[in-house]
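Below: my_file.csv (CSV, C-alpha atoms)
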```csv
chain,number,residue,atom,x,y,z
D,1,MET,CA,-11.9,7.3,-15.1
D,2,LYS,CA,-14.4,5.0,-13.5
D,3,GLN,CA,-17.5,7.1,-12.6
D,4,GLN,CA,-20.4,6.3,-10.4
D,5,ALA,CA,-23.4,8.3,-9.0
D,6,ASN,CA,-21.0,9.4,-6.3
D,7,ASP,CA,-17.5,9.8,-7.7
D,8,PRO,CA,-15.5,6.8,-6.4
D,9,ILE,CA,-12.4,9.0,-6.2
D,10,GLY,CA,-13.8,11.8,-4.2
D,11,GLY,CA,-16.8,10.2,-2.5
D,12,GLY,CA,-18.9,13.0,-4.1
D,13,ASN,CA,-18.1,16.5,-5.2
D,14,GLN,CA,-15.6,18.1,-2.9
D,15,THR,CA,-15.0,21.9,-2.6
D,16,ALA,CA,-11.5,23.3,-2.2
D,17,SER,CA,-12.7,25.1,1.0
D,18,GLY,CA,-14.6,22.1,2.4
D,19,GLY,CA,-13.2,18.8,1.2
D,20,PHE,CA,-9.6,20.1,0.8
D,21,SER,CA,-7.8,22.8,2.6
D,22,ASP,CA,-4.1,23.7,2.9
D,23,ASP,CA,-3.5,23.5,6.7
D,24,GLY,CA,0.2,24.2,6.5
D,25,LYS,CA,1.1,20.5,6.9
D,26,ASN,CA,-0.8,18.8,4.1
D,27,THR,CA,-1.2,20.8,0.9
D,28,ILE,CA,-4.3,20.3,-1.3
D,29,GLY,CA,-2.0,18.5,-3.7
D,30,SER,CA,-0.9,16.0,-1.0
D,31,GLN,CA,-4.5,15.4,0.0
D,32,LEU,CA,-5.5,14.8,-3.6
D,33,ALA,CA,-2.6,12.3,-3.9
D,34,THR,CA,-3.9,10.4,-0.8
D,35,ARG,CA,-7.4,10.3,-2.3
D,36,LEU,CA,-6.1,9.2,-5.8
D,37,ARG,CA,-3.8,6.6,-4.2
D,38,GLU,CA,-6.7,5.0,-2.4
D,39,ALA,CA,-8.8,5.0,-5.6
D,40,ILE,CA,-5.9,3.3,-7.5
D,41,ILE,CA,-5.2,0.7,-4.8
D,42,SER,CA,-8.8,-0.1,-4.3
D,43,GLY,CA,-9.4,-0.5,-8.0
D,44,ASP,CA,-11.9,2.3,-8.4
D,45,LEU,CA,-9.4,3.7,-10.9
D,46,GLU,CA,-8.6,0.7,-13.1
D,47,ALA,CA,-5.1,-0.3,-14.0
D,48,GLY,CA,-4.0,1.2,-17.3
D,49,SER,CA,-7.0,3.7,-17.5
D,50,LYS,CA,-6.5,7.2,-18.7
D,51,ILE,CA,-6.8,10.0,-16.1
D,52,ASN,CA,-8.7,12.9,-17.7
D,53,LEU,CA,-7.5,16.0,-16.0
D,54,ASP,CA,-10.7,18.0,-16.8
D,55,LYS,CA,-13.0,15.4,-15.3
D,56,ALA,CA,-10.8,14.9,-12.3
D,57,ARG,CA,-10.6,18.7,-11.7
D,58,GLN,CA,-14.3,19.0,-11.9
D,59,SER,CA,-14.9,15.9,-9.7
D,60,PHE,CA,-12.7,17.3,-7.0
D,61,ASN,CA,-13.6,21.0,-7.7
D,62,VAL,CA,-9.9,22.0,-7.6
D,63,SER,CA,-7.6,23.8,-10.0
D,64,LEU,CA,-5.1,22.0,-12.2
D,65,SER,CA,-2.1,23.1,-10.2
D,66,PRO,CA,-2.8,21.0,-7.0
D,67,LEU,CA,-4.1,18.1,-9.2
D,68,ARG,CA,-0.8,18.0,-11.1
D,69,GLU,CA,1.0,18.1,-7.8
D,70,GLY,CA,-0.9,15.2,-6.5
D,71,LEU,CA,-0.3,13.2,-9.7
D,72,ALA,CA,3.4,14.0,-9.6
D,73,ARG,CA,3.5,12.4,-6.2
D,74,LEU,CA,1.9,9.2,-7.5
D,75,ILE,CA,4.3,9.1,-10.4
D,76,SER,CA,7.1,8.9,-7.9
D,77,ASP,CA,5.2,6.2,-6.1
D,78,GLY,CA,5.0,4.2,-9.4
D,79,LEU,CA,1.2,4.3,-9.4
D,80,VAL,CA,0.7,6.8,-12.2
D,81,GLU,CA,2.6,7.2,-15.5
D,82,PHE,CA,2.9,10.2,-17.7
D,83,GLU,CA,3.7,10.2,-21.5
D,84,ASP,CA,4.2,13.2,-23.7
D,85,ASN,CA,1.2,13.9,-25.9
D,86,ARG,CA,-0.8,11.1,-24.2
D,87,GLY,CA,-1.1,12.5,-20.7
D,88,TYR,CA,-1.6,10.6,-17.4
D,89,ARG,CA,-2.8,7.1,-16.8
D,90,VAL,CA,-2.9,4.6,-14.0
D,91,SER,CA,0.1,2.3,-14.1
D,92,PRO,CA,-0.7,-1.1,-15.5
D,93,VAL,CA,-0.4,-4.3,-13.5
D,94,SER,CA,1.4,-7.4,-14.6
D,95,LEU,CA,2.8,-10.6,-13.2
D,96,ALA,CA,6.4,-9.4,-14.0
D,97,ASN,CA,5.8,-6.2,-12.0
D,98,LEU,CA,4.4,-8.1,-9.0
D,99,GLU,CA,7.4,-10.5,-9.1
D,100,GLU,CA,9.8,-7.6,-9.0
D,101,VAL,CA,7.9,-5.8,-6.2
D,102,THR,CA,7.9,-9.0,-4.2
D,103,SER,CA,11.6,-9.7,-4.7
D,104,LEU,CA,12.5,-6.1,-3.8
D,105,ARG,CA,10.3,-6.2,-0.6
D,106,GLU,CA,12.1,-9.4,0.4
D,107,GLU,CA,15.4,-7.7,0.2
D,108,LEU,CA,14.7,-4.1,1.4
D,109,GLU,CA,12.0,-4.7,4.0
D,110,VAL,CA,13.9,-7.6,5.5
D,111,PHE,CA,17.1,-5.5,5.7
D,112,ALA,CA,15.1,-2.7,7.3
D,113,LEU,CA,13.7,-5.0,9.9
D,114,LYS,CA,17.2,-6.3,10.7
D,115,GLU,CA,18.4,-2.8,11.2
D,116,ALA,CA,15.4,-1.9,13.3
D,117,ILE,CA,16.1,-4.9,15.6
D,118,ARG,CA,19.7,-3.8,15.9
D,119,VAL,CA,19.1,-0.1,16.7
D,120,GLY,CA,15.4,0.3,17.6
D,121,ASN,CA,14.5,1.5,21.1
D,122,VAL,CA,11.9,0.6,23.6
D,123,GLU,CA,9.4,3.0,22.0
D,124,TRP,CA,9.8,1.1,18.7
D,125,GLU,CA,9.1,-2.2,20.5
D,126,GLY,CA,5.9,-0.7,21.9
D,127,ASN,CA,4.8,0.7,18.5
D,128,VAL,CA,5.3,-2.8,17.0
D,129,MET,CA,3.1,-4.5,19.6
D,130,ARG,CA,0.4,-1.9,19.5
D,131,ALA,CA,0.3,-2.2,15.7
D,132,LEU,CA,0.1,-6.0,15.9
D,133,HIS,CA,-2.8,-5.8,18.4
D,134,LYS,CA,-4.8,-3.6,16.2
D,135,LEU,CA,-4.1,-5.7,13.1
D,136,ASN,CA,-5.0,-9.0,14.8
D,137,ARG,CA,-8.3,-7.6,16.0
D,138,ALA,CA,-9.3,-6.3,12.5
D,139,GLU,CA,-11.8,-8.2,10.4
D,140,ARG,CA,-11.5,-9.1,6.8
D,141,ASP,CA,-14.7,-10.0,5.0
D,142,ALA,CA,-14.9,-9.9,1.2
D,143,ALA,CA,-18.7,-9.3,1.5
D,144,ARG,CA,-18.0,-6.1,3.5
D,145,PRO,CA,-15.6,-3.9,1.5
D,146,GLY,CA,-15.2,-1.5,4.5
D,147,THR,CA,-13.6,-4.2,6.5
D,148,LEU,CA,-11.0,-4.7,3.8
D,149,GLU,CA,-10.2,-1.0,3.6
D,150,TYR,CA,-9.7,-0.8,7.4
D,151,TRP,CA,-7.6,-4.1,7.4
D,152,GLU,CA,-5.4,-2.7,4.6
D,153,THR,CA,-4.8,0.4,6.7
D,154,VAL,CA,-3.8,-1.4,9.9
D,155,HIS,CA,-1.8,-4.0,7.9
D,156,ARG,CA,0.2,-1.3,6.3
D,157,ASP,CA,0.7,0.4,9.7
D,158,PHE,CA,2.0,-2.9,11.1
D,159,HIS,CA,4.6,-3.4,8.4
D,160,LEU,CA,5.7,0.2,8.6
D,161,ALA,CA,5.9,-0.1,12.4
D,162,LEU,CA,8.2,-3.1,12.1
D,163,ILE,CA,10.8,-1.2,10.2
D,164,SER,CA,10.3,2.2,11.6
D,165,GLY,CA,13.1,1.8,14.1
D,166,CYS,CA,15.8,1.2,11.4
D,167,GLY,CA,17.0,4.9,11.4
D,168,LYS,CA,17.3,5.0,7.6
D,169,PRO,CA,14.9,7.5,6.0
D,170,LEU,CA,15.7,6.6,2.4
D,171,LEU,CA,15.3,2.9,3.1
D,172,LEU,CA,11.9,3.6,4.7
D,173,GLN,CA,10.9,5.7,1.7
D,174,PHE,CA,11.7,2.9,-0.7
D,175,CYS,CA,9.9,0.3,1.5
D,176,ASN,CA,6.8,2.6,1.6
D,177,THR,CA,6.7,2.8,-2.2
D,178,LEU,CA,6.9,-0.9,-2.5
D,179,LEU,CA,4.1,-1.4,0.0
D,180,ASN,CA,1.9,1.0,-2.2
D,181,LEU,CA,2.7,-1.1,-5.3
D,182,ASN,CA,2.1,-4.3,-3.5
D,183,ASP,CA,-1.2,-3.2,-1.8
D,184,ARG,CA,-3.0,-2.7,-5.2
D,185,TYR,CA,-2.4,-6.4,-6.0
D,186,ARG,CA,-3.4,-7.6,-2.6
D,187,ARG,CA,-6.6,-5.5,-2.5
D,188,ALA,CA,-7.9,-7.3,-5.6
D,189,PHE,CA,-7.1,-10.6,-4.1
D,190,LEU,CA,-8.8,-9.8,-0.8
D,191,SER,CA,-11.9,-8.6,-2.5
D,192,GLN,CA,-12.6,-12.1,-3.7
D,193,THR,CA,-11.0,-14.3,-1.0
D,194,SER,CA,-10.8,-12.4,2.3
D,195,GLY,CA,-7.2,-13.7,2.5
D,196,ASP,CA,-6.0,-16.8,4.3
D,197,ARG,CA,-6.3,-18.1,7.8
D,198,ASN,CA,-2.6,-18.2,8.8
D,199,VAL,CA,-1.7,-14.6,8.4
D,200,ASN,CA,-2.4,-13.5,12.0
D,201,GLN,CA,0.0,-16.2,13.3
D,202,GLU,CA,2.7,-15.0,10.8
D,203,HIS,CA,2.4,-11.4,11.9
D,204,SER,CA,2.5,-12.4,15.6
D,205,GLU,CA,5.7,-14.5,15.0
D,206,ILE,CA,7.4,-11.7,13.2
D,207,ALA,CA,6.5,-9.1,15.8
D,208,GLN,CA,7.4,-11.2,18.8
D,209,GLY,CA,10.7,-12.2,17.2
D,210,ALA,CA,11.5,-8.6,16.5
D,211,VAL,CA,10.9,-7.2,20.0
D,212,ALA,CA,12.8,-10.3,21.5
D,213,ARG,CA,15.7,-9.1,19.3
D,214,ASP,CA,15.9,-12.5,17.6
D,215,SER,CA,17.0,-11.1,14.3
D,216,ASP,CA,17.5,-14.4,12.4
D,217,PHE,CA,14.1,-15.7,13.4
D,218,ALA,CA,12.2,-12.5,12.8
D,219,THR,CA,13.8,-11.7,9.4
D,220,ASP,CA,13.4,-15.2,8.2
D,221,LYS,CA,9.7,-15.2,9.1
D,222,LEU,CA,9.2,-11.8,7.4
D,223,ARG,CA,10.9,-13.1,4.2
D,224,GLN,CA,8.7,-16.2,4.2
D,225,HIS,CA,5.6,-14.0,4.8
D,226,ILE,CA,6.4,-11.7,1.9
D,227,HIS,CA,7.3,-14.5,-0.4
D,228,ARG,CA,4.2,-16.6,0.4
D,229,THR,CA,1.9,-13.5,-0.1
D,230,GLY,CA,3.6,-12.8,-3.4
D,231,SER,CA,3.1,-16.4,-4.6
D,232,ASN,CA,-0.6,-16.4,-3.6
D,233,LEU,CA,-1.1,-13.2,-5.5
D,234,LEU,CA,0.7,-14.4,-8.6
D,235,GLU,CA,-1.4,-17.5,-8.6
D,236,HIS,CA,-4.6,-15.5,-8.2
D,237,LEU,CA,-3.7,-13.0,-10.9
D,238,ALA,CA,-2.7,-15.7,-13.4
D,239,ARG,CA,-6.1,-17.3,-13.0
D,240,ALA,CA,-7.7,-14.0,-13.5
D,241,GLY,CA,-5.9,-13.6,-16.8
D,242,VAL,CA,-3.3,-10.9,-15.9
D,243,VAL,CA,-0.4,-11.2,-18.3
D,244,ARG,CA,3.4,-10.9,-17.7
```

As C-alpha cells, the full file:
Amino acid sequence: MKQQANDPIGGGNQTASGGFSDDGKNTIGSQLATRLREAIISGDLEAGSKINLDKARQSFNVSLSPLREGLARLISDGLVEFEDNRGYRVSPVSLANLEEVTSLREELEVFALKEAIRVGNVEWEGNVMRALHKLNRAERDAARPGTLEYWETVHRDFHLALISGCGKPLLLQFCNTLLNLNDRYRRAFLSQTSGDRNVNQEHSEIAQGAVARDSDFATDKLRQHIHRTGSNLLEHLARAGVVR
C-alpha cells in the first residue's frame, strides 16, 4: 500500500469512534469501502498493488471484520481482487479492460437513459438540470488536485442523475459499477491534462435532449460522449505504456 506522512487512504489515523461510526445507515464497513474506493480511483492505491490487511487495519484503527466487509464491497465493484493464499490486491488496469468498460457503458448507460426519458417524471427532469448546472460550474485544473476530485464527484452525480429515472434498480447498479471502473482510468488522464474543452457542451446537449424527451438525440449524444471519452483514455494510456 502506498504510504505517506499522512496515510493517503485515511487522511491520517482514524479512530473507530471518531473517523468511523455505525450510524444505522452506513456501517463502518461501508464507510471503509467509500474511503478505499476513493483511494483506488485517485491512484493513491496503485493498480495491481497488494493490500496488506494488518497495515490497513492499523491505518484506519479498525478491526478486521469491517475491513473485510469493505473489501468485499469493492470486490463486487471490480476494484479489488482476492486470491486464495495470496490475499487482496487492487485490480490491475489494462487497455482491454478499459475497452470492455467503455463498450458496456455505451450499451447499458444509453439504454438506461432511453428508459429514463420514457418513464422519468418532472422531478427527474429537475434533478438532471440541477446536476448539469453544478457540473458546468465546476473547475478542472490538473495543478490543483482538489478541483479534479470535486469535478469527478459532480460528474458522476450528473451521469447518475441522467439515468436515475429509468425505474430499473439492477440496471442502475450495473451502470454504477461501470462508472466506478471508468473513473479510475479518467482520473489518471485528468491529473495530467485537465480534460478537453468540449465536454461542457456535450453534457449540456445530452441533458437538454433528455428533458426535452428527444430520445434519439439524447441517447446518440450520450453514446458519442462515452465513446469519445473511451478513445481519449485509450490513447493516453497506450502512450503511458499500459498494456492490453

**Report entry** Minimum-distance residue to Cys166 in chain D, chosen among D:Asn121, D:Thr34, D:Asn180, D:Ser49 (using all atoms listed in the file)
**Finding:**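 Once distances to Cys166 in chain D are computed over all atoms listed in the file, the minimum belongs to D:Asn121.
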
Query - Spatial neighbours of Thr177 in chain D, 10 Å, only C-alpha atoms, chain gap at least 2 places, as a list in words - result: Leu74, Ser76, Asp77, Gly78, Leu79, Val101, Arg105, Leu172, Gln173, Phe174, Cys175, Leu179, Asn180, Leu181, Asn182 and Asp183 of chain D

Query raised in the report: So, counting all atoms listed in the file, which residue among D:Ser164, D:Ser91, D:Asn176, D:Thr102 is closest to Leu71 in chain D?
Result: D:Ser91

Contacts of Leu160 in chain D within 10 Å, all atoms listed in the file, excl. fewer than 2 positions in-chain, as a PDB file with C-alpha atoms, in the coordinates of the input:
```pdb
ATOM      1  CA  GLU D 109      12.000  -4.700   4.000  1.00  0.00           C
ATOM      2  CA  ALA D 112      15.100  -2.700   7.300  1.00  0.00           C
ATOM      3  CA  LEU D 113      13.700  -5.000   9.900  1.00  0.00           C
ATOM      4  CA  ASN D 127       4.800   0.700  18.500  1.00  0.00           C
ATOM      5  CA  VAL D 128       5.300  -2.800  17.000  1.00  0.00           C
ATOM      6  CA  ALA D 131       0.300  -2.200  15.700  1.00  0.00           C
ATOM      7  CA  VAL D 154      -3.800  -1.400   9.900  1.00  0.00           C
ATOM      8  CA  HIS D 155      -1.800  -4.000   7.900  1.00  0.00           C
ATOM      9  CA  ARG D 156       0.200  -1.300   6.300  1.00  0.00           C
ATOM     10  CA  ASP D 157       0.700   0.400   9.700  1.00  0.00           C
ATOM     11  CA  PHE D 158       2.000  -2.900  11.100  1.00  0.00           C
ATOM     12  CA  LEU D 162       8.200  -3.100  12.100  1.00  0.00           C
ATOM     13  CA  ILE D 163      10.800  -1.200  10.200  1.00  0.00           C
ATOM     14  CA  SER D 164      10.300   2.200  11.600  1.00  0.00           C
ATOM     15  CA  GLY D 165      13.100   1.800  14.100  1.00  0.00           C
ATOM     16  CA  LEU D 172      11.900   3.600   4.700  1.00  0.00           C
ATOM     17  CA  CYS D 175       9.900   0.300   1.500  1.00  0.00           C
ATOM     18  CA  ASN D 176       6.800   2.600   1.600  1.00  0.00           C
ATOM     19  CA  LEU D 179       4.100  -1.400   0.000  1.00  0.00           C
TER      20      LEU D 179
END
```

Query raised in the report: Which is closest to Ser30 in chain D among D:Arg68, D:Asn61, D:Ile206, D:Asp44, if we use all atoms listed in the file?
Result: D:Arg68

Since the input is missing atoms, can you rebuild all heavy atoms for range 204-215 of chain D and write them as a PDB file, keeping the file's coordinate frame?
```pdb
ATOM      1  N   SER D 204       2.176 -12.314  14.138  1.00  0.00           N
ATOM      2  CA  SER D 204       2.500 -12.400  15.600  1.00  0.00           C
ATOM      3  C   SER D 204       3.957 -12.944  15.714  1.00  0.00           C
ATOM      4  O   SER D 204       4.724 -12.450  16.549  1.00  0.00           O
ATOM      5  CB  SER D 204       1.550 -13.331  16.285  1.00  0.00           C
ATOM      6  OG  SER D 204       0.251 -12.765  16.290  1.00  0.00           O
ATOM      7  N   GLU D 205       4.327 -13.950  14.934  1.00  0.00           N
ATOM      8  CA  GLU D 205       5.700 -14.500  15.000  1.00  0.00           C
ATOM      9  C   GLU D 205       6.730 -13.480  14.643  1.00  0.00           C
ATOM     10  O   GLU D 205       7.780 -13.372  15.300  1.00  0.00           O
ATOM     11  CB  GLU D 205       5.787 -15.741  14.123  1.00  0.00           C
ATOM     12  CG  GLU D 205       5.025 -16.955  14.632  1.00  0.00           C
ATOM     13  CD  GLU D 205       5.071 -18.120  13.664  1.00  0.00           C
ATOM     14  OE1 GLU D 205       5.387 -17.906  12.465  1.00  0.00           O
ATOM     15  OE2 GLU D 205       4.808 -19.258  14.097  1.00  0.00           O
ATOM     16  N   ILE D 206       6.458 -12.711  13.590  1.00  0.00           N
ATOM     17  CA  ILE D 206       7.400 -11.700  13.200  1.00  0.00           C
ATOM     18  C   ILE D 206       7.592 -10.635  14.260  1.00  0.00           C
ATOM     19  O   ILE D 206       8.720 -10.275  14.622  1.00  0.00           O
ATOM     20  CB  ILE D 206       6.937 -11.013  11.862  1.00  0.00           C
ATOM     21  CG1 ILE D 206       6.896 -12.026  10.718  1.00  0.00           C
ATOM     22  CG2 ILE D 206       7.855  -9.840  11.503  1.00  0.00           C
ATOM     23  CD1 ILE D 206       6.121 -11.540   9.501  1.00  0.00           C
ATOM     24  N   ALA D 207       6.472 -10.136  14.806  1.00  0.00           N
ATOM     25  CA  ALA D 207       6.500  -9.100  15.800  1.00  0.00           C
ATOM     26  C   ALA D 207       7.207  -9.564  17.095  1.00  0.00           C
ATOM     27  O   ALA D 207       8.058  -8.865  17.661  1.00  0.00           O
ATOM     28  CB  ALA D 207       5.121  -8.583  16.122  1.00  0.00           C
ATOM     29  N   GLN D 208       6.841 -10.725  17.551  1.00  0.00           N
ATOM     30  CA  GLN D 208       7.400 -11.200  18.800  1.00  0.00           C
ATOM     31  C   GLN D 208       8.894 -11.517  18.640  1.00  0.00           C
ATOM     32  O   GLN D 208       9.687 -11.253  19.557  1.00  0.00           O
ATOM     33  CB  GLN D 208       6.650 -12.492  19.221  1.00  0.00           C
ATOM     34  CG  GLN D 208       5.234 -12.194  19.703  1.00  0.00           C
ATOM     35  CD  GLN D 208       4.357 -13.425  19.796  1.00  0.00           C
ATOM     36  OE1 GLN D 208       4.821 -14.558  19.635  1.00  0.00           O
ATOM     37  NE2 GLN D 208       3.072 -13.220  20.042  1.00  0.00           N
ATOM     38  N   GLY D 209       9.295 -12.037  17.475  1.00  0.00           N
ATOM     39  CA  GLY D 209      10.700 -12.200  17.200  1.00  0.00           C
ATOM     40  C   GLY D 209      11.474 -10.929  17.182  1.00  0.00           C
ATOM     41  O   GLY D 209      12.606 -10.821  17.676  1.00  0.00           O
ATOM     42  N   ALA D 210      10.848  -9.901  16.616  1.00  0.00           N
ATOM     43  CA  ALA D 210      11.500  -8.600  16.500  1.00  0.00           C
ATOM     44  C   ALA D 210      11.750  -7.980  17.866  1.00  0.00           C
ATOM     45  O   ALA D 210      12.870  -7.539  18.173  1.00  0.00           O
ATOM     46  CB  ALA D 210      10.667  -7.666  15.627  1.00  0.00           C
ATOM     47  N   VAL D 211      10.719  -7.905  18.710  1.00  0.00           N
ATOM     48  CA  VAL D 211      10.900  -7.200  20.000  1.00  0.00           C
ATOM     49  C   VAL D 211      11.744  -8.090  20.951  1.00  0.00           C
ATOM     50  O   VAL D 211      12.333  -7.560  21.909  1.00  0.00           O
ATOM     51  CB  VAL D 211       9.530  -6.920  20.661  1.00  0.00           C
ATOM     52  CG1 VAL D 211       8.729  -5.973  19.785  1.00  0.00           C
ATOM     53  CG2 VAL D 211       8.739  -8.183  20.966  1.00  0.00           C
ATOM     54  N   ALA D 212      11.861  -9.404  20.680  1.00  0.00           N
ATOM     55  CA  ALA D 212      12.800 -10.300  21.500  1.00  0.00           C
ATOM     56  C   ALA D 212      14.199 -10.132  20.960  1.00  0.00           C
ATOM     57  O   ALA D 212      15.096 -10.758  21.518  1.00  0.00           O
ATOM     58  CB  ALA D 212      12.304 -11.711  21.382  1.00  0.00           C
ATOM     59  N   ARG D 213      14.397  -9.346  19.913  1.00  0.00           N
ATOM     60  CA  ARG D 213      15.700  -9.100  19.300  1.00  0.00           C
ATOM     61  C   ARG D 213      16.310 -10.386  18.728  1.00  0.00           C
ATOM     62  O   ARG D 213      17.534 -10.539  18.676  1.00  0.00           O
ATOM     63  CB  ARG D 213      16.680  -8.465  20.307  1.00  0.00           C
ATOM     64  CG  ARG D 213      16.114  -7.233  21.007  1.00  0.00           C
ATOM     65  CD  ARG D 213      15.999  -6.042  20.076  1.00  0.00           C
ATOM     66  NE  ARG D 213      15.292  -4.927  20.703  1.00  0.00           N
ATOM     67  CZ  ARG D 213      15.439  -3.657  20.358  1.00  0.00           C
ATOM     68  NH1 ARG D 213      16.266  -3.327  19.393  1.00  0.00           N
ATOM     69  NH2 ARG D 213      14.733  -2.713  20.949  1.00  0.00           N
ATOM     70  N   ASP D 214      15.446 -11.275  18.270  1.00  0.00           N
ATOM     71  CA  ASP D 214      15.900 -12.500  17.600  1.00  0.00           C
ATOM     72  C   ASP D 214      15.881 -12.198  16.097  1.00  0.00           C
ATOM     73  O   ASP D 214      14.926 -12.507  15.392  1.00  0.00           O
ATOM     74  CB  ASP D 214      14.979 -13.669  17.937  1.00  0.00           C
ATOM     75  CG  ASP D 214      15.529 -15.000  17.447  1.00  0.00           C
ATOM     76  OD1 ASP D 214      16.372 -14.986  16.520  1.00  0.00           O
ATOM     77  OD2 ASP D 214      15.105 -16.050  17.986  1.00  0.00           O
ATOM     78  N   SER D 215      16.974 -11.608  15.618  1.00  0.00           N
ATOM     79  CA  SER D 215      17.000 -11.100  14.300  1.00  0.00           C
ATOM     80  C   SER D 215      16.870 -12.211  13.220  1.00  0.00           C
ATOM     81  O   SER D 215      16.129 -12.059  12.241  1.00  0.00           O
ATOM     82  CB  SER D 215      18.338 -10.353  14.033  1.00  0.00           C
ATOM     83  OG  SER D 215      18.391  -9.802  12.731  1.00  0.00           O
TER      84      SER D 215
END
```
